[in-house]
Amino acid sequence: MSSRPAPLIPPRVRAALVRVPGLVPVVRFVRRALARDRNLLSTLVVVALVIGFLAAEVSNEWFSPSLLILVTLVGGLQLRLASLVKLLVGVGVALAYVAANLGAGRVGLGLTVTIAFTAVLAVLMARTRGKLGVQGLRGDAMLLELRDRLRSQGELPPLPKDWGGKVVLKQAGGSSFGGDFLVSMRDGDSVEIALVDVSGKGVDAGTRALLLSGTFGGLLGSVDDFLPACNAYLHRQRGDEGFVTAVHVRLDLATGDYTITSAGHPPVVKFDAGTGNWQVASAKGVVLGVVPDLHCEPDSGTLRKGDALLLFTDGLIEQPGRDIDAGLDRLLGEAERLLPSGFRDGARALVNAMSSGHNDDCALVLIWRP
């Protein structure tokens, strides 16, 4: 009698693994993913060989070898790298069969180069998806979901009828991600707003902004000293990834009292309806993450009927070769255009006017009492 081979995993070990919480669903998911990959690989290889056979034996016009480009692209989007290599071998065999039966001239150098370029592109896509651990276009869907979450988090909370608010975010290069973001929360009559600027611009700063937006959003409203808590978090992080500036406003909707704290951020300006002038707040502090203990010099005041607070990032006032103070003066001059059309309609026009002529992330937050 022939003895049965010993199992790869002893029964006792297998029973112990089954009892691990969440392990069985993960194993089943991996098995299903591998099965889908094998089935798709087999299908695409058969399709490639059939295309090569029909092109050589039936009609080179109805069954053009250029269809192998589509097969390669589908494999690059859906297959793992190891399976994609097998598919490329099948595509090469089909192309060689066509060339052997119809002559190399019927295939053409242009088609060969195009398929080779498509194969390289497919390999790069498969490697990127392999590093991310996702299939198909799921990686792009994840980025879109992160973008939507960041946008929803950057909206002001609902305000009472006797208050108004407007947020304008404009990323460099028309990108969906940037280094400027807003976190806010409301608890009864208390509203907290934090406008943050991560060094860099566009997609380069967007990944770090995504990480910090979740962290800062969790700290907002959970700690009394928001900016010192953010500074402590950044100071604990290893590596030099650039600076972060932020401004924090705590506002009482019942009385209009507010407190401003800043960490290396451009100053907040207040519109005084009584005098019709814009006043620069005196709050200041060191850039986040530089020193272990952050000391901020706050500024406070009261928003009365017709008053407004304007928060912005340095993308609105900073331009190459120009002084920041000159940019701030220009911003305050352009802000006068908010008055004829109203704060809500003039906020977007102000950002467009200040950001024209240079490519940088810009953010503006405006809160007012009608």
# chains A, B, ... in the order shown; residues from 1 in each chain; ligands from 1
>>> residues_around(residues="A:Ala126", least_positions_apart="5", cutoff="7 Å", atoms="only C-alpha atoms", output="PyMOL selection string")
chain A and resi 76-77+79-81
>>> write_last_selection(atoms="all heavy atoms", output="PDB file, in the first residue's frame")
ATOM      1  N   GLY A  76      -2.332  44.649 -18.762  1.00  0.00           N
ATOM      2  CA  GLY A  76      -1.638  45.598 -17.906  1.00  0.00           C
ATOM      3  C   GLY A  76      -2.524  46.193 -16.830  1.00  0.00           C
ATOM      4  O   GLY A  76      -2.049  46.544 -15.750  1.00  0.00           O
ATOM      5  N   LEU A  77      -3.817  46.312 -17.115  1.00  0.00           N
ATOM      6  CA  LEU A  77      -4.750  46.891 -16.150  1.00  0.00           C
ATOM      7  C   LEU A  77      -5.255  45.881 -15.127  1.00  0.00           C
ATOM      8  O   LEU A  77      -5.637  46.269 -14.018  1.00  0.00           O
ATOM      9  CB  LEU A  77      -5.945  47.511 -16.879  1.00  0.00           C
ATOM     10  CG  LEU A  77      -5.687  48.797 -17.672  1.00  0.00           C
ATOM     11  CD1 LEU A  77      -6.921  49.185 -18.464  1.00  0.00           C
ATOM     12  CD2 LEU A  77      -5.289  49.922 -16.729  1.00  0.00           C
ATOM     13  N   LEU A  79      -3.966  42.173 -14.741  1.00  0.00           N
ATOM     14  CA  LEU A  79      -3.163  41.025 -14.327  1.00  0.00           C
ATOM     15  C   LEU A  79      -2.034  41.433 -13.384  1.00  0.00           C
ATOM     16  O   LEU A  79      -1.561  42.576 -13.402  1.00  0.00           O
ATOM     17  CB  LEU A  79      -2.554  40.342 -15.559  1.00  0.00           C
ATOM     18  CG  LEU A  79      -3.530  39.651 -16.518  1.00  0.00           C
ATOM     19  CD1 LEU A  79      -2.765  39.071 -17.700  1.00  0.00           C
ATOM     20  CD2 LEU A  79      -4.334  38.575 -15.812  1.00  0.00           C
ATOM     21  N   ARG A  80      -1.613  40.464 -12.567  1.00  0.00           N
ATOM     22  CA  ARG A  80      -0.408  40.648 -11.783  1.00  0.00           C
ATOM     23  C   ARG A  80       0.809  40.597 -12.703  1.00  0.00           C
ATOM     24  O   ARG A  80       0.734  40.136 -13.828  1.00  0.00           O
ATOM     25  CB  ARG A  80      -0.302  39.560 -10.707  1.00  0.00           C
ATOM     26  CG  ARG A  80      -1.403  39.616  -9.666  1.00  0.00           C
ATOM     27  CD  ARG A  80      -1.249  38.539  -8.611  1.00  0.00           C
ATOM     28  NE  ARG A  80      -1.326  37.207  -9.196  1.00  0.00           N
ATOM     29  CZ  ARG A  80      -0.328  36.349  -9.238  1.00  0.00           C
ATOM     30  NH1 ARG A  80       0.861  36.683  -8.730  1.00  0.00           N
ATOM     31  NH2 ARG A  80      -0.477  35.149  -9.782  1.00  0.00           N
ATOM     32  N   LEU A  81       1.951  41.075 -12.194  1.00  0.00           N
ATOM     33  CA  LEU A  81       3.131  41.199 -13.043  1.00  0.00           C
ATOM     34  C   LEU A  81       3.576  39.840 -13.582  1.00  0.00           C
ATOM     35  O   LEU A  81       3.916  39.713 -14.766  1.00  0.00           O
ATOM     36  CB  LEU A  81       4.270  41.858 -12.258  1.00  0.00           C
ATOM     37  CG  LEU A  81       5.569  42.105 -13.036  1.00  0.00           C
ATOM     38  CD1 LEU A  81       5.300  42.988 -14.243  1.00  0.00           C
ATOM     39  CD2 LEU A  81       6.616  42.742 -12.132  1.00  0.00           C
TER      40      LEU A  81
END
>>> residues_around(residues="stretch 262-272 of chain A", least_positions_apart="2", cutoff="8 Å", atoms="only C-alpha atoms", output="PyMOL selection string")
chain A and resi 197+227+245-248+260+274-288+296-298+306-314
>>> atom_distance(atom1="atom CA of A:Val191", atom2="atom CA of A:Arg337")
27.0 Å
>>> select_by_dssp(residues="stretch 49-120 of chain A", states="alpha helix (DSSP H)", output="PyMOL selection string")
chain A and resi 49-57+67-78+81-102+104-107+109-120
>>> closest_residue(among="A:Thr128, A:Gln171, A:Ser42, A:Ser152", to="A:Asp361", atoms="only C-alpha atoms")
A:Gln171
>>> residues_around(residues="A:Glu155", least_positions_apart="3", cutoff="12 Å", atoms="only C-alpha atoms", output="tab-separated table (two decimals) with N, CA, C and O atoms, in the first residue's frame")
chain	number	residue	atom	x	y	z
A	148	ASP	N	-12.38	63.48	-2.54
A	148	ASP	CA	-13.72	63.86	-2.11
A	148	ASP	C	-13.78	64.03	-0.59
A	148	ASP	O	-14.45	64.94	-0.08
A	149	ARG	N	-13.08	63.15	0.13
A	149	ARG	CA	-13.06	63.27	1.59
A	149	ARG	C	-12.37	64.56	2.03
A	149	ARG	O	-12.81	65.23	2.96
A	150	LEU	N	-11.27	64.90	1.35
A	150	LEU	CA	-10.56	66.12	1.69
A	150	LEU	C	-11.42	67.35	1.41
A	150	LEU	O	-11.43	68.31	2.19
A	151	ARG	N	-12.16	67.32	0.30
A	151	ARG	CA	-13.03	68.45	-0.02
A	151	ARG	C	-14.17	68.58	0.98
A	151	ARG	O	-14.51	69.69	1.39
A	152	SER	N	-14.77	67.46	1.35
A	152	SER	CA	-15.87	67.52	2.32
A	152	SER	C	-15.38	67.98	3.68
A	152	SER	O	-16.09	68.70	4.40
A	158	PRO	N	-22.34	74.07	9.05
A	158	PRO	CA	-23.52	74.94	8.88
A	158	PRO	C	-23.54	76.04	9.93
A	158	PRO	O	-23.35	75.79	11.12
A	159	LEU	N	-23.77	77.27	9.48
A	159	LEU	CA	-23.79	78.43	10.36
A	159	LEU	C	-25.22	78.96	10.49
A	159	LEU	O	-26.05	78.75	9.61
A	165	GLY	N	-20.42	82.40	5.62
A	165	GLY	CA	-19.07	81.87	5.47
A	165	GLY	C	-18.82	81.42	4.04
A	165	GLY	O	-19.74	81.00	3.33
A	166	LYS	N	-17.57	81.53	3.60
A	166	LYS	CA	-17.19	81.13	2.25
A	166	LYS	C	-15.76	80.61	2.27
A	166	LYS	O	-14.88	81.22	2.88
A	167	VAL	N	-15.54	79.47	1.61
A	167	VAL	CA	-14.21	78.87	1.48
A	167	VAL	C	-13.88	78.75	0.00
A	167	VAL	O	-14.69	78.25	-0.79
A	168	VAL	N	-12.68	79.19	-0.38
A	168	VAL	CA	-12.21	79.07	-1.76
A	168	VAL	C	-10.83	78.43	-1.72
A	168	VAL	O	-9.90	78.97	-1.10
A	169	LEU	N	-10.69	77.26	-2.34
A	169	LEU	CA	-9.42	76.56	-2.46
A	169	LEU	C	-9.06	76.47	-3.94
A	169	LEU	O	-9.86	76.02	-4.75
A	181	PHE	N	-5.13	73.29	3.12
A	181	PHE	CA	-6.38	72.62	3.47
A	181	PHE	C	-6.98	73.28	4.71
A	181	PHE	O	-6.31	74.01	5.45
A	182	LEU	N	-8.26	73.00	4.91
A	182	LEU	CA	-9.02	73.58	6.01
A	182	LEU	C	-9.65	72.46	6.82
A	182	LEU	O	-10.15	71.49	6.27
A	183	VAL	N	-9.62	72.60	8.14
A	183	VAL	CA	-10.37	71.73	9.03
A	183	VAL	C	-11.21	72.62	9.93
A	183	VAL	O	-10.77	73.68	10.35
A	184	SER	N	-12.42	72.19	10.20
A	184	SER	CA	-13.34	73.00	11.00
A	184	SER	C	-14.31	72.11	11.72
A	184	SER	O	-14.55	70.96	11.34
A	185	MET	N	-14.91	72.64	12.79
A	185	MET	CA	-15.93	71.93	13.54
A	185	MET	C	-16.79	72.94	14.30
A	185	MET	O	-16.37	74.07	14.57
A	186	ARG	N	-18.01	72.52	14.61
A	186	ARG	CA	-18.93	73.35	15.38
A	186	ARG	C	-19.53	72.53	16.50
A	186	ARG	O	-19.99	71.41	16.28
A	193	ILE	N	-11.92	76.90	13.49
A	193	ILE	CA	-11.46	76.83	12.11
A	193	ILE	C	-9.94	76.86	12.11
A	193	ILE	O	-9.33	77.67	12.82
A	194	ALA	N	-9.33	75.98	11.31
A	194	ALA	CA	-7.88	75.97	11.18
A	194	ALA	C	-7.54	75.90	9.69
A	194	ALA	O	-7.97	74.98	9.00
A	195	LEU	N	-6.78	76.88	9.23
A	195	LEU	CA	-6.31	76.91	7.85
A	195	LEU	C	-4.82	76.57	7.87
A	195	LEU	O	-4.04	77.24	8.56
A	364	LEU	N	-8.59	80.66	0.80
A	364	LEU	CA	-9.19	81.83	1.43
A	364	LEU	C	-10.42	81.38	2.20
A	364	LEU	O	-11.23	80.61	1.68
A	365	VAL	N	-10.55	81.87	3.43
A	365	VAL	CA	-11.74	81.59	4.26
A	365	VAL	C	-12.27	82.94	4.73
A	365	VAL	O	-11.52	83.76	5.28
A	366	LEU	N	-13.56	83.15	4.53
A	366	LEU	CA	-14.19	84.42	4.89
A	366	LEU	C	-15.42	84.13	5.75
A	366	LEU	O	-16.28	83.34	5.37
>>> closest_residue(among="A:Val74, A:Val196, A:Ala100, A:Leu41", to="A:Lys86", atoms="only C-alpha atoms")
A:Leu41
>>> atom_distance(atom1="atom CA of A:Arg304", atom2="atom CA of A:Asp180")
28.7 Å
